[in-house]
file entry22.cif (mmCIF, C-alpha atoms (C1' of nucleotides); chains and numbers go by the auth columns)
data_model
loop_
_atom_site.group_PDB
_atom_site.id
_atom_site.type_symbol
_atom_site.label_atom_id
_atom_site.label_comp_id
_atom_site.label_asym_id
_atom_site.label_seq_id
_atom_site.Cartn_x
_atom_site.Cartn_y
_atom_site.Cartn_z
_atom_site.B_iso_or_equiv
_atom_site.auth_seq_id
_atom_site.auth_asym_id
ATOM 1 C CA MET A 1 -41.091 33.948 2.002 0.00 167 A
ATOM 2 C CA ARG A 2 -40.380 31.586 4.858 0.00 168 A
ATOM 3 C CA TYR A 3 -40.590 27.836 5.017 0.00 169 A
ATOM 4 C CA TRP A 4 -41.977 25.788 7.870 0.00 170 A
ATOM 5 C CA LEU A 5 -42.530 22.274 9.059 0.00 171 A
ATOM 6 C CA MET A 6 -45.678 21.512 10.996 0.00 172 A
ATOM 7 C CA LYS A 7 -46.305 18.228 12.750 0.00 173 A
ATOM 8 C CA SER A 8 -49.636 16.554 13.137 0.00 174 A
ATOM 9 C CA GLU A 9 -50.628 13.155 14.358 0.00 175 A
ATOM 10 C CA PRO A 10 -52.511 11.624 11.430 0.00 176 A
ATOM 11 C CA GLU A 11 -54.957 9.957 13.800 0.00 177 A
ATOM 12 C CA ALA A 12 -55.922 13.405 15.020 0.00 178 A
ATOM 13 C CA PHE A 13 -55.582 15.400 11.801 0.00 179 A
ATOM 14 C CA SER A 14 -53.932 14.112 8.636 0.00 180 A
ATOM 15 C CA ILE A 15 -53.176 15.695 5.303 0.00 181 A
ATOM 16 C CA ASP A 16 -56.150 13.804 3.903 0.00 182 A
ATOM 17 C CA ASP A 17 -58.339 15.512 6.474 0.00 183 A
ATOM 18 C CA LEU A 18 -57.021 18.885 5.332 0.00 184 A
ATOM 19 C CA MET A 19 -57.713 17.966 1.704 0.00 185 A
ATOM 20 C CA LYS A 20 -61.333 17.252 2.534 0.00 186 A
ATOM 21 C CA MET A 21 -61.990 20.510 4.361 0.00 187 A
ATOM 22 C CA GLU A 22 -64.038 23.243 2.774 0.00 188 A
ATOM 23 C CA ASN A 23 -61.661 25.274 0.568 0.00 189 A
ATOM 24 C CA GLN A 24 -59.069 22.686 1.646 0.00 190 A
ATOM 25 C CA THR A 25 -58.319 25.044 4.502 0.00 191 A
ATOM 26 C CA ASP A 26 -58.468 24.644 8.263 0.00 192 A
ATOM 27 C CA HIS A 27 -57.286 26.451 11.353 0.00 193 A
ATOM 28 C CA TRP A 28 -54.277 24.960 13.122 0.00 194 A
ATOM 29 C CA ASP A 29 -55.613 24.838 16.638 0.00 195 A
ATOM 30 C CA GLY A 30 -54.285 23.354 19.824 0.00 196 A
ATOM 31 C CA ILE A 31 -50.756 24.745 19.832 0.00 197 A
ATOM 32 C CA ARG A 32 -49.858 25.145 23.513 0.00 198 A
ATOM 33 C CA ASN A 33 -46.152 25.777 23.320 0.00 199 A
ATOM 34 C CA TYR A 34 -44.819 29.302 23.483 0.00 200 A
ATOM 35 C CA GLN A 35 -42.102 28.940 20.900 0.00 201 A
ATOM 36 C CA ALA A 36 -44.477 27.420 18.381 0.00 202 A
ATOM 37 C CA ARG A 37 -47.036 30.096 19.170 0.00 203 A
ATOM 38 C CA ASN A 38 -44.492 32.836 18.592 0.00 204 A
ATOM 39 C CA PHE A 39 -43.642 31.395 15.205 0.00 205 A
ATOM 40 C CA MET A 40 -47.291 31.570 14.186 0.00 206 A
ATOM 41 C CA ARG A 41 -48.033 34.910 15.781 0.00 207 A
ATOM 42 C CA ASP A 42 -44.876 36.782 14.860 0.00 208 A
ATOM 43 C CA ASP A 43 -43.250 35.191 11.860 0.00 209 A
ATOM 44 C CA MET A 44 -45.781 33.461 9.647 0.00 210 A
ATOM 45 C CA ARG A 45 -47.063 35.318 6.613 0.00 211 A
ATOM 46 C CA VAL A 46 -49.778 34.410 4.159 0.00 212 A
ATOM 47 C CA GLY A 47 -48.236 32.347 1.388 0.00 213 A
ATOM 48 C CA ASP A 48 -45.410 30.820 3.419 0.00 214 A
ATOM 49 C CA LYS A 49 -44.895 27.193 2.471 0.00 215 A
ATOM 50 C CA ILE A 50 -45.307 24.370 4.972 0.00 216 A
ATOM 51 C CA LEU A 51 -44.004 20.827 5.011 0.00 217 A
ATOM 52 C CA PHE A 52 -46.870 18.775 6.408 0.00 218 A
ATOM 53 C CA TYR A 53 -45.399 16.163 8.735 0.00 219 A
ATOM 54 C CA HIS A 54 -47.092 13.107 10.200 0.00 220 A
ATOM 55 C CA SER A 55 -45.818 12.226 13.666 0.00 221 A
ATOM 56 C CA ASN A 56 -46.508 9.471 16.135 0.00 222 A
ATOM 57 C CA CYS A 57 -47.532 6.988 13.478 0.00 223 A
ATOM 58 C CA GLU A 58 -46.422 3.958 11.508 0.00 224 A
ATOM 59 C CA GLU A 59 -44.049 5.892 9.287 0.00 225 A
ATOM 60 C CA PRO A 60 -43.282 9.396 10.525 0.00 226 A
ATOM 61 C CA GLY A 61 -42.359 11.778 7.725 0.00 227 A
ATOM 62 C CA VAL A 62 -43.262 14.618 5.400 0.00 228 A
ATOM 63 C CA VAL A 63 -46.384 13.763 3.451 0.00 229 A
ATOM 64 C CA GLY A 64 -47.071 16.907 1.479 0.00 230 A
ATOM 65 C CA ILE A 65 -47.175 20.666 1.251 0.00 231 A
ATOM 66 C CA ALA A 66 -49.526 23.279 2.642 0.00 232 A
ATOM 67 C CA GLU A 67 -49.369 27.040 2.895 0.00 233 A
ATOM 68 C CA VAL A 68 -50.174 29.692 5.438 0.00 234 A
ATOM 69 C CA ALA A 69 -53.583 31.128 4.593 0.00 235 A
ATOM 70 C CA SER A 70 -54.115 33.776 7.284 0.00 236 A
ATOM 71 C CA GLU A 71 -52.350 35.918 9.804 0.00 237 A
ATOM 72 C CA ALA A 72 -52.450 34.631 13.368 0.00 238 A
ATOM 73 C CA TYR A 73 -55.609 35.121 15.412 0.00 239 A
ATOM 74 C CA PRO A 74 -56.652 33.892 18.866 0.00 240 A
ATOM 75 C CA ASP A 75 -57.118 30.142 19.211 0.00 241 A
ATOM 76 C CA PHE A 76 -60.739 30.000 20.304 0.00 242 A
ATOM 77 C CA THR A 77 -60.507 26.392 21.455 0.00 243 A
ATOM 78 C CA ALA A 78 -58.709 27.766 24.514 0.00 244 A
ATOM 79 C CA PHE A 79 -61.908 29.599 25.517 0.00 245 A
ATOM 80 C CA LYS A 80 -64.171 26.570 25.510 0.00 246 A
ATOM 81 C CA SER A 81 -64.332 24.694 28.779 0.00 247 A
ATOM 82 C CA ASP A 82 -65.453 21.545 26.995 0.00 248 A
ATOM 83 C CA SER A 83 -62.514 21.579 24.614 0.00 249 A
ATOM 84 C CA LYS A 84 -59.501 19.423 25.255 0.00 250 A
ATOM 85 C CA TYR A 85 -57.461 22.514 24.433 0.00 251 A
ATOM 86 C CA TYR A 86 -59.246 24.610 27.065 0.00 252 A
ATOM 87 C CA ASP A 87 -56.945 26.956 28.961 0.00 253 A
ATOM 88 C CA PRO A 88 -58.609 29.153 31.586 0.00 254 A
ATOM 89 C CA LYS A 89 -55.589 31.443 31.534 0.00 255 A
ATOM 90 C CA SER A 90 -56.328 32.418 27.953 0.00 256 A
ATOM 91 C CA THR A 91 -59.267 34.823 27.714 0.00 257 A
ATOM 92 C CA GLU A 92 -60.889 36.652 24.839 0.00 258 A
ATOM 93 C CA GLU A 93 -59.613 39.906 26.322 0.00 259 A
ATOM 94 C CA LYS A 94 -56.091 38.585 26.763 0.00 260 A
ATOM 95 C CA PRO A 95 -55.625 35.576 24.516 0.00 261 A
ATOM 96 C CA ARG A 96 -52.570 33.516 25.259 0.00 262 A
ATOM 97 C CA TRP A 97 -52.758 31.125 22.308 0.00 263 A
ATOM 98 C CA PHE A 98 -52.916 31.817 18.604 0.00 264 A
ATOM 99 C CA MET A 99 -53.403 29.932 15.387 0.00 265 A
ATOM 100 C CA VAL A 100 -53.225 30.463 11.657 0.00 266 A
ATOM 101 C CA ASP A 101 -55.256 29.029 8.805 0.00 267 A
ATOM 102 C CA VAL A 102 -53.488 26.445 6.690 0.00 268 A
ATOM 103 C CA LYS A 103 -54.386 25.581 3.107 0.00 269 A
ATOM 104 C CA PHE A 104 -53.686 22.336 1.323 0.00 270 A
ATOM 105 C CA VAL A 105 -51.279 22.568 -1.615 0.00 271 A
ATOM 106 C CA GLU A 106 -50.327 19.033 -2.516 0.00 272 A
ATOM 107 C CA LYS A 107 -49.958 15.540 -1.207 0.00 273 A
ATOM 108 C CA PHE A 108 -46.805 13.689 -2.203 0.00 274 A
ATOM 109 C CA LYS A 109 -47.223 10.460 -4.121 0.00 275 A
ATOM 110 C CA GLU A 110 -44.292 9.186 -2.119 0.00 276 A
ATOM 111 C CA SER A 111 -43.913 10.613 1.340 0.00 277 A
ATOM 112 C CA VAL A 112 -40.439 11.418 2.609 0.00 278 A
ATOM 113 C CA SER A 113 -39.912 9.425 5.773 0.00 279 A
ATOM 114 C CA LEU A 114 -37.979 10.582 8.790 0.00 280 A
ATOM 115 C CA LYS A 115 -35.771 7.556 8.238 0.00 281 A
ATOM 116 C CA LYS A 116 -34.956 8.774 4.726 0.00 282 A
ATOM 117 C CA ILE A 117 -34.355 12.330 5.876 0.00 283 A
ATOM 118 C CA LYS A 118 -31.818 11.081 8.392 0.00 284 A
ATOM 119 C CA THR A 119 -29.750 9.513 5.622 0.00 285 A
ATOM 120 C CA ILE A 120 -29.333 12.776 3.662 0.00 286 A
ATOM 121 C CA PRO A 121 -26.206 14.673 4.723 0.00 287 A
ATOM 122 C CA GLU A 122 -27.587 17.991 3.449 0.00 288 A
ATOM 123 C CA LEU A 123 -30.539 17.614 5.809 0.00 289 A
ATOM 124 C CA SER A 124 -28.539 16.866 8.923 0.00 290 A
ATOM 125 C CA ASP A 125 -28.917 20.448 10.166 0.00 291 A
ATOM 126 C CA MET A 126 -32.699 20.306 10.113 0.00 292 A
ATOM 127 C CA LYS A 127 -34.191 20.935 13.501 0.00 293 A
ATOM 128 C CA LEU A 128 -36.371 17.932 12.878 0.00 294 A
ATOM 129 C CA VAL A 129 -33.477 15.513 13.181 0.00 295 A
ATOM 130 C CA GLN A 130 -31.716 17.222 16.033 0.00 296 A
ATOM 131 C CA LYS A 131 -31.781 15.442 19.326 0.00 297 A
ATOM 132 C CA GLY A 132 -34.719 16.024 21.563 0.00 298 A
ATOM 133 C CA ASN A 133 -36.551 18.528 19.417 0.00 299 A
ATOM 134 C CA ARG A 134 -40.210 18.167 20.163 0.00 300 A
ATOM 135 C CA LEU A 135 -41.427 21.417 18.702 0.00 301 A
ATOM 136 C CA SER A 136 -44.481 20.902 16.539 0.00 302 A
ATOM 137 C CA ILE A 137 -43.712 23.958 14.400 0.00 303 A
ATOM 138 C CA MET A 138 -40.229 24.715 13.191 0.00 304 A
ATOM 139 C CA THR A 139 -38.500 26.740 10.539 0.00 305 A
ATOM 140 C CA VAL A 140 -37.026 25.074 7.468 0.00 306 A
ATOM 141 C CA GLU A 141 -34.358 26.505 5.174 0.00 307 A
ATOM 142 C CA LYS A 142 -35.272 26.978 1.537 0.00 308 A
ATOM 143 C CA ASN A 143 -32.662 24.510 0.365 0.00 309 A
ATOM 144 C CA GLU A 144 -33.941 21.933 2.853 0.00 310 A
ATOM 145 C CA PHE A 145 -37.471 22.485 1.632 0.00 311 A
ATOM 146 C CA ASP A 146 -36.349 22.051 -1.971 0.00 312 A
ATOM 147 C CA ILE A 147 -34.395 18.891 -1.210 0.00 313 A
ATOM 148 C CA ILE A 148 -37.397 17.292 0.458 0.00 314 A
ATOM 149 C CA VAL A 149 -39.772 18.226 -2.351 0.00 315 A
ATOM 150 C CA ASN A 150 -37.278 16.833 -4.825 0.00 316 A
ATOM 151 C CA LEU A 151 -36.977 13.624 -2.810 0.00 317 A
ATOM 152 C CA ALA A 152 -40.733 13.243 -2.956 0.00 318 A
ATOM 153 C CA LYS A 153 -40.788 13.654 -6.730 0.00 319 A
ATOM 154 C CA THR A 154 -37.726 11.743 -7.800 0.00 320 A
ATOM 155 C CA GLY A 155 -36.692 9.673 -4.816 0.00 321 A
ATOM 156 C CA GLU A 156 -33.330 11.383 -4.898 0.00 322 A
ATOM 157 C "C1'" DG B 1 -45.814 0.429 25.720 0.00 52 B
ATOM 158 C "C1'" DC B 2 -41.262 2.266 26.847 0.00 53 B
ATOM 159 C "C1'" DC B 3 -38.474 5.946 27.743 0.00 54 B
ATOM 160 C "C1'" DA B 4 -35.442 10.011 26.703 0.00 55 B
ATOM 161 C "C1'" DA B 5 -35.825 14.721 26.278 0.00 56 B
ATOM 162 C "C1'" DC B 6 -37.798 18.669 27.300 0.00 57 B
ATOM 163 C "C1'" DG B 7 -41.360 22.288 28.946 0.00 58 B
ATOM 164 C "C1'" DT B 8 -44.158 23.816 32.702 0.00 59 B
ATOM 165 C "C1'" DT B 9 -45.648 24.262 37.345 0.00 60 B
ATOM 166 C "C1'" DG B 10 -45.394 25.484 41.928 0.00 61 B
ATOM 167 C "C1'" DG B 11 -43.311 25.226 46.636 0.00 62 B
ATOM 168 C "C1'" DC B 12 -39.829 27.296 48.984 0.00 63 B
ATOM 169 C "C1'" DG C 1 -35.038 32.470 41.186 0.00 190 C
ATOM 170 C "C1'" DC C 2 -34.050 27.581 42.009 0.00 191 C
ATOM 171 C "C1'" DC C 3 -35.258 23.062 41.158 0.00 192 C
ATOM 172 C "C1'" DA C 4 -37.967 18.779 41.922 0.00 193 C
ATOM 173 C "C1'" DA C 5 -42.006 16.829 40.285 0.00 194 C
ATOM 174 C "C1'" DC C 6 -44.872 16.161 36.801 0.00 195 C
ATOM 175 C "C1'" DG C 7 -46.819 16.058 32.044 0.00 196 C
ATOM 176 C "C1'" DT C 8 -46.145 15.704 27.120 0.00 197 C
ATOM 177 C "C1'" DT C 9 -43.972 14.578 22.817 0.00 198 C
ATOM 178 C "C1'" DG C 10 -42.719 11.377 19.640 0.00 199 C
ATOM 179 C "C1'" DG C 11 -39.461 7.816 17.847 0.00 200 C
ATOM 180 C "C1'" DC C 12 -38.830 3.203 18.336 0.00 201 C
#

call {"tool": "encode", "arguments": {"input": "entry22.cif", "output": "structure tokens"}}
result
Amino acid sequence: MRYWLMKSEPEAFSIDDLMKMENQTDHWDGIRNYQARNFMRDDMRVGDKILFYHSNCEEPGVVGIAEVASEAYPDFTAFKSDSKYYDPKSTEEKPRWFMVDVKFVEKFKESVSLKKIKTIPELSDMKLVQKGNRLSIMTVEKNEFDIIVNLAKTGE
DNA sequence: GCCAACGTTGGC
DNA sequence: GCCAACGTTGGC
């Protein structure tokens, strides 16, 4: 099993929004970066665990856990000319963009802020804290995943 | 709102 | 294939 971190702007789609979806599951649309797409299309498997990260907000950080709930399939928002994710270069015959379904697992009582993560030496190799990394989907090591979950539960 | 970092586009 | 211009991300 692999571990991931996926960023979302809470104003656009928060973990609370995911919780409220039918089956607490939604498709992760709008990814328009090749590296992030390749992660979803080539590497994600049903059951992989995801750190749900809120970006571009008051307190950026990991707010809970989700899991991959489907294999990748074409991101249909790219086909719709009225969608903000419309991309005329992606067609139903030759889709350029993909997405997976993501299912809610849990919301942390205490989220683990980016600020906090930066103070933990064992987390200093996370791609999240490396300079200039703007990827919205990234891999996470198992021990990093465990440390963050533990931080959420115990504060340590 | 600023701005650094980075990805993408497109002219040549 | 280079690289300048431009757009986006995301922390602060």

call {"tool": "atom_distance", "arguments": {"input": "entry22.cif", "atom1": "CA of Glu175 in chain A", "atom2": "CA of Glu322 in chain A"}}
result
25.9 Å

call {"tool": "resolve_selection", "arguments": {"input": "entry22.cif", "expression": "the PyMOL selection byres ((chain A) within 10 of (chain B))", "output": "PyMOL selection string"}}
result
chain A and resi 199-200+297-301

call {"tool": "residues_around", "arguments": {"input": "entry22.cif", "residues": "Lys173 in chain A", "least_positions_apart": "5", "cutoff": "7 Å", "atoms": "all atoms listed in the file", "output": "number ranges by chain"}}
result
A: 218-221, 302-303

call {"tool": "atom_distance", "arguments": {"input": "entry22.cif", "atom1": "CA of Val229 in chain A", "atom2": "CA of Ile314 in chain A"}}
result
10.1 Å

call {"tool": "closest_residue", "arguments": {"input": "entry22.cif", "among": "A:Arg262, A:Lys319, A:Lys281, A:Arg168", "to": "Glu225 in chain A", "atoms": "only C-alpha atoms"}}
result
A:Lys281

call {"tool": "atom_distance", "arguments": {"input": "entry22.cif", "atom1": "CA of Met265 in chain A", "atom2": "CA of Ser249 in chain A"}}
result
15.4 Å

call {"tool": "residues_around", "arguments": {"input": "entry22.cif", "residues": "Ala318 in chain A", "least_positions_apart": "5", "cutoff": "9 Å", "atoms": "only C-alpha atoms (C1' of nucleotides)", "output": "PDB file with C-alpha atoms, in the frame of the given file"}}
result
ATOM      1  CA  VAL A 228     -43.262  14.618   5.400  1.00  0.00           C
ATOM      2  CA  VAL A 229     -46.384  13.763   3.451  1.00  0.00           C
ATOM      3  CA  GLY A 230     -47.071  16.907   1.479  1.00  0.00           C
ATOM      4  CA  PHE A 274     -46.805  13.689  -2.203  1.00  0.00           C
ATOM      5  CA  LYS A 275     -47.223  10.460  -4.121  1.00  0.00           C
ATOM      6  CA  GLU A 276     -44.292   9.186  -2.119  1.00  0.00           C
ATOM      7  CA  SER A 277     -43.913  10.613   1.340  1.00  0.00           C
ATOM      8  CA  VAL A 278     -40.439  11.418   2.609  1.00  0.00           C
ATOM      9  CA  ILE A 313     -34.395  18.891  -1.210  1.00  0.00           C
TER      10      ILE A 313
END

call {"tool": "residues_around", "arguments": {"input": "entry22.cif", "residues": "range 254-259 of chain A", "least_positions_apart": "5", "cutoff": "12 Å", "atoms": "only C-alpha atoms (C1' of nucleotides)", "output": "number ranges by chain"}}
result
A: 198, 239-249, 264

call {"tool": "resolve_selection", "arguments": {"input": "entry22.cif", "expression": "the PyMOL selection byres ((chain A and resi 206) around 12)", "output": "VMD selection string"}}
result
chain A and resid 168 to 172 193 to 195 197 to 205 207 to 212 214 216 234 to 241 263 to 268 302 to 305

call {"tool": "write_last_selection", "arguments": {"input": "entry22.cif", "atoms": "C-alpha atoms", "output": "PDB file, in the coordinates of the input"}}
result
ATOM      1  CA  ARG A 168     -40.380  31.586   4.858  1.00  0.00           C
ATOM      2  CA  TYR A 169     -40.590  27.836   5.017  1.00  0.00           C
ATOM      3  CA  TRP A 170     -41.977  25.788   7.870  1.00  0.00           C
ATOM      4  CA  LEU A 171     -42.530  22.274   9.059  1.00  0.00           C
ATOM      5  CA  MET A 172     -45.678  21.512  10.996  1.00  0.00           C
ATOM      6  CA  HIS A 193     -57.286  26.451  11.353  1.00  0.00           C
ATOM      7  CA  TRP A 194     -54.277  24.960  13.122  1.00  0.00           C
ATOM      8  CA  ASP A 195     -55.613  24.838  16.638  1.00  0.00           C
ATOM      9  CA  ILE A 197     -50.756  24.745  19.832  1.00  0.00           C
ATOM     10  CA  ARG A 198     -49.858  25.145  23.513  1.00  0.00           C
ATOM     11  CA  ASN A 199     -46.152  25.777  23.320  1.00  0.00           C
ATOM     12  CA  TYR A 200     -44.819  29.302  23.483  1.00  0.00           C
ATOM     13  CA  GLN A 201     -42.102  28.940  20.900  1.00  0.00           C
ATOM     14  CA  ALA A 202     -44.477  27.420  18.381  1.00  0.00           C
ATOM     15  CA  ARG A 203     -47.036  30.096  19.170  1.00  0.00           C
ATOM     16  CA  ASN A 204     -44.492  32.836  18.592  1.00  0.00           C
ATOM     17  CA  PHE A 205     -43.642  31.395  15.205  1.00  0.00           C
ATOM     18  CA  ARG A 207     -48.033  34.910  15.781  1.00  0.00           C
ATOM     19  CA  ASP A 208     -44.876  36.782  14.860  1.00  0.00           C
ATOM     20  CA  ASP A 209     -43.250  35.191  11.860  1.00  0.00           C
ATOM     21  CA  MET A 210     -45.781  33.461   9.647  1.00  0.00           C
ATOM     22  CA  ARG A 211     -47.063  35.318   6.613  1.00  0.00           C
ATOM     23  CA  VAL A 212     -49.778  34.410   4.159  1.00  0.00           C
ATOM     24  CA  ASP A 214     -45.410  30.820   3.419  1.00  0.00           C
ATOM     25  CA  ILE A 216     -45.307  24.370   4.972  1.00  0.00           C
ATOM     26  CA  VAL A 234     -50.174  29.692   5.438  1.00  0.00           C
ATOM     27  CA  ALA A 235     -53.583  31.128   4.593  1.00  0.00           C
ATOM     28  CA  SER A 236     -54.115  33.776   7.284  1.00  0.00           C
ATOM     29  CA  GLU A 237     -52.350  35.918   9.804  1.00  0.00           C
ATOM     30  CA  ALA A 238     -52.450  34.631  13.368  1.00  0.00           C
ATOM     31  CA  TYR A 239     -55.609  35.121  15.412  1.00  0.00           C
ATOM     32  CA  PRO A 240     -56.652  33.892  18.866  1.00  0.00           C
ATOM     33  CA  ASP A 241     -57.118  30.142  19.211  1.00  0.00           C
ATOM     34  CA  TRP A 263     -52.758  31.125  22.308  1.00  0.00           C
ATOM     35  CA  PHE A 264     -52.916  31.817  18.604  1.00  0.00           C
ATOM     36  CA  MET A 265     -53.403  29.932  15.387  1.00  0.00           C
ATOM     37  CA  VAL A 266     -53.225  30.463  11.657  1.00  0.00           C
ATOM     38  CA  ASP A 267     -55.256  29.029   8.805  1.00  0.00           C
ATOM     39  CA  VAL A 268     -53.488  26.445   6.690  1.00  0.00           C
ATOM     40  CA  SER A 302     -44.481  20.902  16.539  1.00  0.00           C
ATOM     41  CA  ILE A 303     -43.712  23.958  14.400  1.00  0.00           C
ATOM     42  CA  MET A 304     -40.229  24.715  13.191  1.00  0.00           C
ATOM     43  CA  THR A 305     -38.500  26.740  10.539  1.00  0.00           C
TER      44      THR A 305
END

call {"tool": "residues_near_point", "arguments": {"input": "entry22.cif", "point": "(-57.1, 20.6, 2.9)", "cutoff": "12 Å", "atoms": "all atoms listed in the file", "output": "MDAnalysis selection string"}}
result
chainID A and resid 179:194 218 230:235 267:273

call {"tool": "axis_aligned_box", "arguments": {"input": "entry22.cif", "around": "range 236-251 of chain A", "padding_each_side": "3 Å", "output": "JSON"}}
result
{"center_x": -58.9, "center_y": 27.7, "center_z": 18.0, "size_x": 19.1, "size_y": 22.5, "size_z": 27.5}

call {"tool": "build_atoms", "arguments": {"input": "entry22.cif", "residues": "range 266-277 of chain A", "atoms": "N, CA and C atoms", "output": "PDB file, in the coordinates of the input"}}
result
ATOM      1  N   VAL A 266     -53.086  29.936  13.011  1.00  0.00           N
ATOM      2  CA  VAL A 266     -53.225  30.463  11.657  1.00  0.00           C
ATOM      3  C   VAL A 266     -54.085  29.483  10.863  1.00  0.00           C
ATOM      4  N   ASP A 267     -54.589  29.942   9.728  1.00  0.00           N
ATOM      5  CA  ASP A 267     -55.256  29.029   8.805  1.00  0.00           C
ATOM      6  C   ASP A 267     -54.204  28.436   7.878  1.00  0.00           C
ATOM      7  N   VAL A 268     -54.427  27.191   7.526  1.00  0.00           N
ATOM      8  CA  VAL A 268     -53.488  26.445   6.690  1.00  0.00           C
ATOM      9  C   VAL A 268     -54.250  25.854   5.519  1.00  0.00           C
ATOM     10  N   LYS A 269     -53.705  26.047   4.327  1.00  0.00           N
ATOM     11  CA  LYS A 269     -54.386  25.581   3.107  1.00  0.00           C
ATOM     12  C   LYS A 269     -53.578  24.475   2.444  1.00  0.00           C
ATOM     13  N   PHE A 270     -54.299  23.460   2.031  1.00  0.00           N
ATOM     14  CA  PHE A 270     -53.686  22.336   1.323  1.00  0.00           C
ATOM     15  C   PHE A 270     -53.068  22.787   0.003  1.00  0.00           C
ATOM     16  N   VAL A 271     -51.889  22.300  -0.305  1.00  0.00           N
ATOM     17  CA  VAL A 271     -51.279  22.568  -1.615  1.00  0.00           C
ATOM     18  C   VAL A 271     -51.130  21.277  -2.403  1.00  0.00           C
ATOM     19  N   GLU A 272     -50.436  20.317  -1.826  1.00  0.00           N
ATOM     20  CA  GLU A 272     -50.327  19.033  -2.516  1.00  0.00           C
ATOM     21  C   GLU A 272     -49.956  17.923  -1.566  1.00  0.00           C
ATOM     22  N   LYS A 273     -50.354  16.720  -1.961  1.00  0.00           N
ATOM     23  CA  LYS A 273     -49.958  15.540  -1.207  1.00  0.00           C
ATOM     24  C   LYS A 273     -48.942  14.784  -2.061  1.00  0.00           C
ATOM     25  N   PHE A 274     -47.829  14.423  -1.458  1.00  0.00           N
ATOM     26  CA  PHE A 274     -46.805  13.689  -2.203  1.00  0.00           C
ATOM     27  C   PHE A 274     -47.296  12.298  -2.568  1.00  0.00           C
ATOM     28  N   LYS A 275     -46.937  11.855  -3.770  1.00  0.00           N
ATOM     29  CA  LYS A 275     -47.223  10.460  -4.121  1.00  0.00           C
ATOM     30  C   LYS A 275     -46.420   9.538  -3.224  1.00  0.00           C
ATOM     31  N   GLU A 276     -45.155   9.927  -3.035  1.00  0.00           N
ATOM     32  CA  GLU A 276     -44.292   9.186  -2.119  1.00  0.00           C
ATOM     33  C   GLU A 276     -43.924  10.115  -0.980  1.00  0.00           C
ATOM     34  N   SER A 277     -44.290   9.732   0.239  1.00  0.00           N
ATOM     35  CA  SER A 277     -43.913  10.613   1.340  1.00  0.00           C
ATOM     36  C   SER A 277     -42.417  10.441   1.623  1.00  0.00           C
TER      37      SER A 277
END
